[in-house]
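Participant: Structure file model-v6.txt, compact mmCIF, C-alpha atoms, is pasted below:
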```
# COMPACT_ATOMS: atom_id res chain seq x y z
CA MET A 1 -34.15 36.87 -24.55
CA ASN A 2 -33.89 33.83 -22.34
CA HIS A 3 -30.26 32.94 -21.61
CA ALA A 4 -31.07 30.17 -19.12
CA LEU A 5 -29.18 26.94 -19.69
CA PRO A 6 -31.33 23.96 -20.67
CA PRO A 7 -31.60 21.24 -18.03
CA VAL A 8 -29.34 18.22 -18.34
CA THR A 9 -31.44 15.09 -18.77
CA LEU A 10 -30.68 11.61 -17.51
CA ASP A 11 -30.18 10.49 -21.10
CA GLU A 12 -27.49 13.14 -21.57
CA LEU A 13 -25.80 12.07 -18.32
CA ALA A 14 -25.83 8.51 -19.61
CA VAL A 15 -24.06 9.63 -22.79
CA LEU A 16 -21.48 11.54 -20.74
CA SER A 17 -20.90 8.48 -18.57
CA GLN A 18 -20.47 6.28 -21.63
CA ARG A 19 -17.90 8.68 -23.12
CA ALA A 20 -15.94 8.64 -19.88
CA THR A 21 -16.07 4.84 -19.84
CA THR A 22 -14.74 4.77 -23.40
CA VAL A 23 -11.76 6.92 -22.44
CA ILE A 24 -10.98 4.68 -19.45
CA GLU A 25 -11.26 1.58 -21.62
CA ARG A 26 -8.80 3.02 -24.14
CA LEU A 27 -6.33 3.86 -21.39
CA ARG A 28 -6.62 0.37 -19.94
CA GLU A 29 -6.31 -1.26 -23.37
CA ARG A 30 -2.93 0.43 -23.66
CA VAL A 31 -1.78 -0.93 -20.29
CA PHE A 32 -3.70 -4.22 -20.16
CA SER A 33 -2.98 -5.59 -23.64
CA PRO A 34 -4.77 -8.88 -24.38
CA GLY A 35 -2.77 -11.89 -23.31
CA THR A 36 -0.25 -9.90 -21.30
CA HIS A 37 0.35 -9.95 -17.58
CA LYS A 38 2.49 -7.64 -15.51
CA GLN A 39 5.76 -9.15 -14.43
CA LEU A 40 8.61 -7.99 -12.26
CA ASP A 41 11.73 -7.46 -14.34
CA LEU A 42 13.99 -6.37 -11.48
CA LEU A 43 17.37 -8.09 -11.32
CA PHE A 44 20.04 -7.39 -8.69
CA ASN A 45 23.78 -7.84 -9.13
CA VAL A 46 25.70 -9.82 -6.54
CA ARG A 47 26.82 -6.69 -4.66
CA THR A 48 23.26 -5.38 -4.32
CA ALA A 49 21.98 -8.85 -3.44
CA ALA A 50 24.61 -9.13 -0.70
CA GLU A 51 23.50 -5.79 0.75
CA MET A 52 19.85 -6.85 0.67
CA VAL A 53 20.61 -10.19 2.31
CA GLY A 54 23.02 -8.81 4.90
CA ARG A 55 25.90 -11.09 3.95
CA SER A 56 29.08 -10.68 1.93
CA GLU A 57 29.45 -11.42 -1.77
CA LYS A 58 31.88 -14.19 -0.82
CA ALA A 59 29.28 -15.80 1.47
CA ILE A 60 26.82 -15.90 -1.45
CA ARG A 61 29.38 -17.41 -3.82
CA ASP A 62 30.43 -19.97 -1.19
CA ALA A 63 26.80 -21.00 -0.68
CA GLU A 64 26.43 -21.42 -4.44
CA ALA A 65 29.62 -23.47 -4.57
CA ASP A 66 28.62 -25.86 -1.79
CA GLY A 67 25.06 -26.34 -3.03
CA ARG A 68 23.13 -24.38 -0.40
CA LEU A 69 22.12 -21.99 -3.16
CA PRO A 70 21.60 -22.84 -6.84
CA GLU A 71 24.20 -21.81 -9.38
CA PRO A 72 23.26 -18.43 -10.87
CA ALA A 73 22.14 -18.21 -14.47
CA LYS A 74 24.86 -16.86 -16.76
CA ASP A 75 25.07 -15.35 -20.21
CA GLU A 76 26.28 -18.04 -22.62
CA THR A 77 28.50 -15.59 -24.50
CA THR A 78 30.09 -13.55 -21.71
CA ASN A 79 29.67 -16.05 -18.86
CA ARG A 80 28.48 -13.15 -16.72
CA ARG A 81 25.68 -13.60 -14.20
CA HIS A 82 22.27 -12.41 -15.34
CA GLY A 83 21.48 -11.09 -11.89
CA TYR A 84 19.21 -12.27 -9.10
CA SER A 85 15.44 -11.92 -8.97
CA LEU A 86 13.69 -10.85 -5.77
CA ALA A 87 12.53 -14.44 -5.28
CA GLU A 88 16.16 -15.59 -5.46
CA VAL A 89 17.24 -12.89 -3.01
CA ASN A 90 14.56 -14.09 -0.60
CA ARG A 91 15.86 -17.63 -1.03
CA MET A 92 19.29 -16.34 0.05
CA ARG A 93 17.72 -14.64 3.06
CA GLU A 94 16.09 -17.94 3.97
CA VAL A 95 19.39 -19.84 3.70
CA PHE A 96 21.30 -17.26 5.74
CA GLY A 97 18.53 -16.72 8.27
CA THR A 98 18.10 -13.01 7.52
CA LEU A 99 14.43 -12.87 6.58
CA PRO A 100 12.93 -10.07 8.71
CA HIS A 101 9.68 -11.86 9.51
CA ARG A 102 7.97 -11.19 12.81
CA ASP A 103 7.92 -13.91 15.45
CA PRO A 104 4.65 -15.90 15.52
CA ASP A 105 3.95 -14.34 18.93
CA ASP A 106 4.34 -10.81 17.54
CA PRO A 107 1.14 -9.06 16.45
CA PRO A 108 0.76 -8.57 12.69
CA LEU A 109 0.87 -4.89 11.77
CA ILE A 110 -2.46 -3.92 10.17
CA MET A 111 -2.10 -0.40 8.85
CA ALA A 112 -4.67 1.77 7.15
CA VAL A 113 -3.42 4.57 4.93
CA GLN A 114 -6.36 6.82 5.63
CA ASN A 115 -7.64 10.27 4.82
CA PHE A 116 -11.21 11.24 4.00
CA LYS A 117 -10.02 13.51 1.18
CA GLY A 118 -9.00 12.27 -2.24
CA GLY A 119 -5.89 13.32 -4.12
CA VAL A 120 -3.55 13.23 -1.11
CA GLY A 121 -1.33 10.41 -2.37
CA LYS A 122 -3.03 7.57 -0.51
CA THR A 123 -2.79 4.89 -3.21
CA THR A 124 0.72 6.01 -4.19
CA LEU A 125 1.77 5.50 -0.59
CA VAL A 126 0.09 2.08 -0.24
CA VAL A 127 1.64 0.52 -3.35
CA HIS A 128 5.12 1.94 -2.77
CA LEU A 129 5.14 0.92 0.90
CA ALA A 130 3.98 -2.58 -0.04
CA GLN A 131 6.78 -2.92 -2.56
CA TYR A 132 9.37 -1.41 -0.22
CA PHE A 133 8.47 -4.01 2.41
CA ALA A 134 8.55 -6.78 -0.20
CA LEU A 135 12.05 -5.71 -1.27
CA ARG A 136 13.08 -5.94 2.38
CA GLY A 137 11.76 -9.52 2.58
CA TYR A 138 8.55 -9.06 4.57
CA ARG A 139 5.31 -10.95 3.90
CA VAL A 140 2.79 -8.33 2.80
CA CYS A 141 -0.93 -8.30 2.10
CA VAL A 142 -2.64 -5.36 0.40
CA ILE A 143 -6.41 -5.05 0.80
CA ASP A 144 -8.04 -2.69 -1.69
CA CYS A 145 -11.15 -1.37 0.05
CA ASP A 146 -11.82 1.40 -2.48
CA SER A 147 -14.31 0.76 -5.29
CA GLN A 148 -12.22 3.02 -7.56
CA ALA A 149 -9.70 0.12 -7.46
CA SER A 150 -6.59 2.16 -8.29
CA THR A 151 -4.40 -0.07 -6.14
CA THR A 152 -5.82 -3.15 -7.87
CA ALA A 153 -4.96 -1.68 -11.28
CA VAL A 154 -1.37 -0.86 -10.28
CA PHE A 155 -0.92 -4.50 -9.28
CA GLY A 156 -1.81 -5.58 -12.80
CA LEU A 157 -5.50 -6.47 -12.62
CA ASN A 158 -8.10 -4.79 -14.81
CA PRO A 159 -10.91 -4.15 -12.29
CA ASP A 160 -13.58 -4.30 -15.02
CA VAL A 161 -12.39 -7.60 -16.51
CA ASP A 162 -10.18 -9.55 -14.11
CA VAL A 163 -12.04 -8.87 -10.86
CA HIS A 164 -15.50 -10.21 -9.99
CA GLU A 165 -17.11 -8.60 -6.96
CA GLU A 166 -18.98 -11.75 -5.97
CA GLU A 167 -15.82 -13.89 -5.96
CA ASP A 168 -12.68 -11.78 -5.58
CA THR A 169 -13.39 -8.64 -3.55
CA LEU A 170 -14.42 -7.92 0.04
CA TYR A 171 -18.05 -7.73 -1.06
CA PRO A 172 -19.14 -11.36 -0.46
CA PHE A 173 -17.43 -11.40 2.94
CA LEU A 174 -19.21 -8.23 4.02
CA GLN A 175 -22.61 -9.69 3.17
CA HIS A 176 -24.66 -11.40 5.86
CA GLY A 177 -23.99 -15.12 5.73
CA GLY A 178 -20.80 -14.61 3.72
CA PRO A 179 -17.60 -16.67 3.93
CA LYS A 180 -16.06 -17.22 7.36
CA SER A 181 -12.61 -15.94 6.36
CA LEU A 182 -10.98 -13.78 3.72
CA HIS A 183 -8.77 -16.56 2.37
CA TYR A 184 -10.97 -16.85 -0.74
CA GLY A 185 -9.98 -13.32 -1.81
CA LEU A 186 -6.20 -13.60 -1.49
CA GLN A 187 -4.43 -13.48 -4.84
CA ALA A 188 -0.72 -13.84 -5.44
CA THR A 189 0.82 -10.96 -7.36
CA TYR A 190 3.82 -10.72 -9.66
CA TRP A 191 5.71 -9.28 -6.66
CA PRO A 192 7.20 -12.07 -4.49
CA GLY A 193 5.92 -11.61 -0.97
CA ILE A 194 2.85 -9.50 -1.83
CA ALA A 195 -0.70 -10.89 -1.83
CA LEU A 196 -3.69 -8.78 -2.87
CA ILE A 197 -7.41 -8.71 -2.16
CA PRO A 198 -8.61 -6.66 -5.14
CA ALA A 199 -11.53 -4.29 -5.59
CA ASN A 200 -13.79 -3.04 -8.34
CA LEU A 201 -16.82 -0.79 -8.71
CA GLY A 202 -19.16 -3.48 -7.34
CA LEU A 203 -17.65 -2.96 -3.91
CA TYR A 204 -19.55 0.32 -3.72
CA ASP A 205 -22.76 -1.67 -3.17
CA ALA A 206 -21.42 -2.71 0.23
CA GLU A 207 -21.82 0.90 1.40
CA TYR A 208 -25.59 0.74 0.86
CA GLU A 209 -25.96 -2.68 2.42
CA PHE A 210 -23.89 -1.68 5.45
CA ALA A 211 -25.89 1.51 5.95
CA ALA A 212 -29.15 -0.42 5.75
CA ARG A 213 -28.03 -2.92 8.40
CA MET A 214 -26.26 -0.49 10.71
CA ALA A 215 -29.29 0.37 12.82
CA ARG A 216 -30.25 -3.23 13.59
CA ASP A 217 -26.82 -4.88 13.77
CA PRO A 218 -24.07 -2.30 14.46
CA VAL A 219 -21.54 -4.70 16.00
CA PHE A 220 -21.64 -7.03 12.98
CA ILE A 221 -21.16 -4.11 10.61
CA LEU A 222 -18.35 -2.45 12.52
CA ASP A 223 -16.28 -5.55 13.24
CA ARG A 224 -16.98 -7.76 10.25
CA LEU A 225 -13.92 -6.52 8.36
CA ARG A 226 -11.86 -6.64 11.54
CA ASP A 227 -12.73 -10.32 11.95
CA GLY A 228 -11.94 -10.99 8.29
CA VAL A 229 -8.51 -9.41 8.51
CA ALA A 230 -7.83 -11.40 11.67
CA SER A 231 -8.68 -14.62 9.77
CA ILE A 232 -5.70 -14.14 7.40
CA ALA A 233 -3.30 -12.10 9.55
CA ASP A 234 -1.20 -15.05 10.71
CA GLN A 235 0.14 -15.46 7.14
CA PHE A 236 1.63 -11.96 6.96
CA ASP A 237 3.93 -9.55 8.71
CA ILE A 238 2.22 -6.43 7.42
CA ILE A 239 -1.27 -5.84 6.07
CA LEU A 240 -1.91 -2.55 4.27
CA MET A 241 -5.45 -1.32 3.69
CA ASP A 242 -6.42 1.29 1.11
CA PRO A 243 -9.87 2.62 2.11
CA PRO A 244 -12.20 4.93 0.16
CA PRO A 245 -11.46 8.68 0.43
CA ALA A 246 -14.76 9.39 2.19
CA LEU A 247 -16.41 8.91 5.54
CA GLY A 248 -18.56 5.88 4.78
CA MET A 249 -19.23 2.49 6.28
CA LEU A 250 -16.22 0.88 4.59
CA SER A 251 -13.91 3.61 5.87
CA LEU A 252 -15.29 3.15 9.38
CA SER A 253 -14.78 -0.60 9.09
CA VAL A 254 -11.17 -0.03 8.07
CA LEU A 255 -10.63 2.22 11.10
CA ARG A 256 -11.93 -0.61 13.29
CA ALA A 257 -9.84 -3.27 11.56
CA ALA A 258 -6.51 -1.42 11.66
CA ASN A 259 -4.06 -1.35 14.56
CA ALA A 260 -1.99 1.49 13.05
CA LEU A 261 -2.83 4.55 10.96
CA LEU A 262 -0.77 6.52 8.46
CA ILE A 263 -2.36 9.78 7.30
CA PRO A 264 -0.95 11.39 4.13
CA ALA A 265 -1.46 15.16 4.08
CA PRO A 266 -0.14 17.54 1.38
CA PRO A 267 1.17 20.87 2.73
CA ASN A 268 -1.42 23.25 1.32
CA ASN A 269 -4.18 25.12 3.12
CA ILE A 270 -7.10 23.12 1.76
CA ASP A 271 -5.56 19.70 2.34
CA PHE A 272 -4.21 20.67 5.75
CA ALA A 273 -7.65 21.92 6.78
CA SER A 274 -9.16 18.66 5.49
CA THR A 275 -6.66 16.65 7.51
CA ALA A 276 -7.50 18.64 10.65
CA HIS A 277 -11.19 17.96 10.02
CA PHE A 278 -10.41 14.30 9.39
CA LEU A 279 -8.65 14.01 12.76
CA LYS A 280 -11.53 15.71 14.53
CA MET A 281 -14.08 13.49 12.80
CA MET A 282 -11.99 10.42 13.50
CA GLU A 283 -11.85 11.25 17.21
CA SER A 284 -15.61 11.68 17.53
CA THR A 285 -16.34 8.76 15.19
CA LEU A 286 -14.09 6.31 17.05
CA ALA A 287 -15.62 7.42 20.35
CA GLU A 288 -19.07 6.70 18.95
CA LEU A 289 -17.96 3.36 17.50
CA ALA A 290 -16.46 2.39 20.85
CA ARG A 291 -19.93 2.73 22.42
CA HIS A 292 -21.14 -0.09 20.16
CA GLY A 293 -18.13 -2.34 19.67
CA GLY A 294 -15.64 -1.43 22.38
CA PRO A 295 -12.54 0.77 22.14
CA ARG A 296 -9.86 0.36 19.48
CA GLU A 297 -6.25 1.21 20.21
CA TYR A 298 -3.51 1.88 17.67
CA SER A 299 0.17 1.02 17.90
CA PHE A 300 0.86 4.34 16.22
CA VAL A 301 -0.92 7.13 14.36
CA LYS A 302 1.40 9.19 12.17
CA ILE A 303 0.93 12.00 9.66
CA LEU A 304 3.08 12.02 6.54
CA THR A 305 3.62 15.21 4.57
CA SER A 306 2.89 14.07 1.02
CA LYS A 307 3.37 15.83 -2.33
CA MET A 308 5.91 18.15 -0.71
CA ASN A 309 7.62 20.66 -3.01
CA ASP A 310 10.62 22.28 -1.33
CA GLN A 311 10.70 24.97 -4.02
CA LYS A 312 7.35 26.38 -2.92
CA SER A 313 7.59 28.76 0.01
CA ALA A 314 3.92 28.11 0.86
CA HIS A 315 4.66 24.39 1.22
CA GLN A 316 7.58 25.13 3.50
CA ALA A 317 5.49 27.47 5.65
CA ILE A 318 2.63 25.01 6.06
CA LYS A 319 5.07 22.17 6.72
CA ARG A 320 6.56 24.22 9.58
CA MET A 321 3.06 24.80 10.91
CA MET A 322 2.25 21.08 10.69
CA ASP A 323 5.44 20.23 12.59
CA ALA A 324 4.54 22.78 15.26
CA VAL A 325 0.92 21.63 15.63
CA PHE A 326 1.71 17.90 15.54
CA PRO A 327 5.26 17.73 16.98
CA GLN A 328 5.08 14.09 18.09
CA ASP A 329 2.81 12.85 15.33
CA MET A 330 4.60 13.78 12.09
CA LEU A 331 6.94 11.44 10.30
CA ASN A 332 10.39 13.01 10.17
CA VAL A 333 10.62 12.52 6.41
CA SER A 334 8.32 13.84 3.70
CA LEU A 335 7.15 12.23 0.49
CA LYS A 336 8.35 14.74 -2.07
CA ASP A 337 6.36 15.65 -5.14
CA SER A 338 8.03 14.04 -8.14
CA ALA A 339 7.35 13.76 -11.84
CA GLU A 340 8.86 10.28 -11.59
CA ILE A 341 5.88 9.09 -9.53
CA ASP A 342 3.42 10.74 -11.94
CA ASN A 343 5.11 9.21 -14.97
CA ALA A 344 5.13 5.74 -13.43
CA THR A 345 1.50 6.05 -12.30
CA ALA A 346 0.41 7.06 -15.81
CA ASN A 347 1.55 3.59 -16.91
CA LEU A 348 0.05 1.91 -13.83
CA MET A 349 3.53 1.27 -12.47
CA THR A 350 5.56 2.32 -9.47
CA VAL A 351 8.98 3.88 -9.13
CA TYR A 352 10.26 0.59 -7.68
CA GLU A 353 9.29 -1.26 -10.87
CA LEU A 354 11.15 0.95 -13.32
CA THR A 355 14.19 -0.64 -14.94
CA GLY A 356 16.78 0.19 -17.57
CA PRO A 357 18.25 3.61 -18.44
CA ALA A 358 15.38 5.46 -16.71
CA THR A 359 16.70 4.33 -13.32
CA ARG A 360 20.07 6.02 -13.89
CA THR A 361 18.66 9.54 -14.08
CA GLU A 362 19.09 11.95 -11.17
CA THR A 363 15.30 12.42 -11.02
CA HIS A 364 14.79 8.71 -10.47
CA LYS A 365 17.56 8.45 -7.90
CA ARG A 366 16.15 11.37 -5.88
CA CYS A 367 12.63 9.99 -6.00
CA ARG A 368 13.80 6.52 -5.00
CA ALA A 369 15.69 8.07 -2.07
CA TYR A 370 12.52 9.88 -0.91
CA LEU A 371 10.49 6.67 -1.08
CA ASP A 372 13.15 4.62 0.68
CA ALA A 373 13.35 7.20 3.48
CA VAL A 374 9.59 7.00 4.05
CA GLY A 375 9.75 3.20 3.95
CA ARG A 376 12.61 3.04 6.47
CA GLU A 377 10.83 5.27 8.97
CA VAL A 378 7.58 3.33 8.72
CA GLU A 379 9.52 0.05 8.91
CA LEU A 380 11.10 1.17 12.17
CA LEU A 381 7.67 1.98 13.61
CA VAL A 382 6.48 -1.48 12.55
CA ARG A 383 9.46 -3.29 14.07
CA LYS A 384 8.96 -1.45 17.36
CA THR A 385 5.55 -3.16 17.66
CA TRP A 386 7.22 -6.61 17.54
CA PRO A 387 8.84 -7.70 20.85
CA SER A 388 11.03 -10.20 19.01
CA HIS A 389 12.77 -7.32 17.19
CA HIS A 390 13.47 -5.23 20.28
CA ARG A 391 16.81 -6.82 21.09
CA GLN A 392 18.16 -6.13 17.60
CA LEU A 393 16.74 -2.60 17.63
CA ARG A 394 18.51 -1.90 20.92
CA LYS A 395 21.72 -3.28 19.42
CA GLU A 396 21.29 -0.90 16.49
CA GLY A 397 20.58 2.01 18.86
CA LEU A 398 17.04 2.42 17.50
CA LEU A 399 15.07 1.59 20.64
```
Translate this file's structure into C-alpha cells.
Facilitator:
Amino acid sequence: MNHALPPVTLDELAVLSQRATTVIERLRERVFSPGTHKQLDLLFNVRTAAEMVGRSEKAIRDAEADGRLPEPAKDETTNRRHGYSLAEVNRMREVFGTLPHRDPDDPPLIMAVQNFKGGVGKTTLVVHLAQYFALRGYRVCVIDCDSQASTTAVFGLNPDVDVHEEEDTLYPFLQHGGPKSLHYGLQATYWPGIALIPANLGLYDAEYEFAARMARDPVFILDRLRDGVASIADQFDIILMDPPPALGMLSLSVLRAANALLIPAPPNNIDFASTAHFLKMMESTLAELARHGGPREYSFVKILTSKMNDQKSAHQAIKRMMDAVFPQDMLNVSLKDSAEIDNATANLMTVYELTGPATRTETHKRCRAYLDAVGREVELLVRKTWPSHHRQLRKEGLL
C-alpha cells in the first residue's frame, strides 16, 4: 500500500492563496468599511492639556480670554468644555513657545526599527513611537518599507485599495529615472503631526529590480533611499522607517538611510539567537557596504527587550543575560507583553488611540505606562542628538 502524499500542484496552491486572500479581505472589510476613514477621537481636559503644553490651566484660560487662543467648544446643556484635540493642544504649544521641534541646524533623527526576524514587535514599536512623538508635539514621518504594509494598515489605509505602488509607495522612487525627491509619497494622516509614505505588496518588486542592478550600479542602489529620505528630512524632527523582516536590498537600503537604529528583541532563546545573528550580519554587511558607498555612522544603536513577560522565569533569565552581554546597548526599559496591544492591533488600532471606558482599566493603564516609558527613553536619545536641546537637557540633569 502506497501511503505517499500526492504532490501539491500549482493550481492547488493558487486555490490556497485565493482562500487566504478571501480571509484577509473579510478582515479588512470589517475594519475598512466603505465610506469610512479613521479619525482621532482623543480629547484632553484642560488639566491634561496644561501638562502637555507645559503651562498652567490659568495660562490657557487667560490666553483664551485675551484672544491668543480660540474659545473652547462647550456643551450647550452643561456649558462644560468638550475637551481639546491634539491639533488644539499643538496650537497652544505654538502660542506658548513650547513645541519641542529641533532647531533647523540640528540633524533630523532618521531611525530604523530593524530586525531581520519577523514577529519581534517591529511594527508595534514603529506605530506607537510615532504616536508618542506626535502627542509630544514633534513633526514625524513614518516610511513603510515593508511590502506586508502592516504599518500602512494601522494608519487607516487599505494597502490593496487605497495605495498604488506606482504613485504612493517608495517603488517609483527606487526605479531608475524615478522622481528626484520623496515629496510625492508623503500623505497626511488622521494624526496631527504624522505624515506617512505607505506601502503595499507591489513594493516587493523593488527587491528584484534592486538585485538585478546591484552588480552594475551598487552606489545608486545603496544610497538611493538615503538620498530620498534626505530630500524630505528638513520638514520633520523624526523619521521612522519600518523595513522588511529579512536581509534584502530594501533592508540594506534602510540601514544606509538611517542615522539611528532601534532593535526590538523578545527575551526567548530563538529570538535572542536571531538578534545576535542579526548584529553579526549587520556588522559584516555594513563593512561590505562601506567598501562601495563609504562608511555610515549612527547616533545610537539600541536594543529593546520586546514582548517581555515578567511572570515567565525564562524571560527574566534571558533578559539578565541580554543585559550582561549588551550592558551599554540595552534600553533601560522593556516593552512588556500585553493583551491590550494585541486587542488594539486586531482592530488595526494602537493603545494610544483607545478611548472611553476601556482606557480606565488597570490593564490599559499599565500598558500605556510601558509604552510611555519606552517613548521617553527613546525621546531622550533623540534630543541628545540635537545641540539646540543640550542646554535644556543639562538644566534638567539629563546630559
Participant: Ranking A:Thr350, A:Ser181, A:Ser299, A:Thr189 by minimum distance to Thr124 of chain A and counting all atoms listed in the file, which one comes first?
Facilitator: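 When distances to Thr124 of chain A are compared using all atoms listed in the file, the smallest one comes from A:Thr350.
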Participant: Any idea what's packed within 9 Å of Gly202 of chain A, counting all atoms listed in the file, ignoring anything in its chain fewer than 2 positions away? Could you give it as a list in words?
Facilitator: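 Listed by chain and then number, they are Ser147, His164, Glu165, Glu166, Thr169, Tyr171, Ala199, Asn200, Tyr204, Asp205 and Ala206 of chain A.
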Participant: As an exercise, work out the distance from atom CA of Met330 of chain A to atom CA of Lys117 of chain A in Å and give it to one decimal place.
Facilitator: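 Separation of atom CA of Met330 of chain A and atom CA of Lys117 of chain A: 18.2 Å.
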Participant: Ranking A:Phe236, A:Phe300, A:Tyr190, A:Phe173 by minimum distance to Leu42 of chain A and counting only C-alpha atoms, which one comes first?
Facilitator: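 Of A:Phe236, A:Phe300, A:Tyr190, A:Phe173, the one nearest Leu42 of chain A, counting only C-alpha atoms, is A:Tyr190.
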Participant: Env of Pro107 of chain A: 12 Å cut, atoms = only C-alpha atoms, seq-sep filter 3 positions within chain, self excluded. Answer as number ranges by chain.
Facilitator: A: 101-104, 110-111, 230, 233-239, 258-260, 298-299, 382-389
Participant: If you measure from atom CA of Val161 of chain A to atom CA of Leu203 of chain A, what distance in Å do you get, rounded to one decimal?
Facilitator: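 Between atom CA of Val161 of chain A and atom CA of Leu203 of chain A the gap is 14.4 Å.
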Participant: Between A:Lys319, A:His364, A:Lys280, A:Arg55, which one has atoms that come closest to Gly97 of chain A, using only C-alpha atoms?
Facilitator: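 Ranking A:Lys319, A:His364, A:Lys280, A:Arg55 by distance to Gly97 of chain A, first place goes to A:Arg55.
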Participant: Which is closest to Asn115 of chain A among A:Ala211, A:Val89, A:Ala134, A:Ala265, if we use all atoms listed in the file?
Facilitator: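 Result for the nearest residue to Asn115 of chain A: A:Ala265.
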Participant: Find the distance between atom CA of Asp144 of chain A and atom CA of Ile194 of chain A and write it in Å to one decimal.
Facilitator: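 These two atoms are separated by 12.8 Å.
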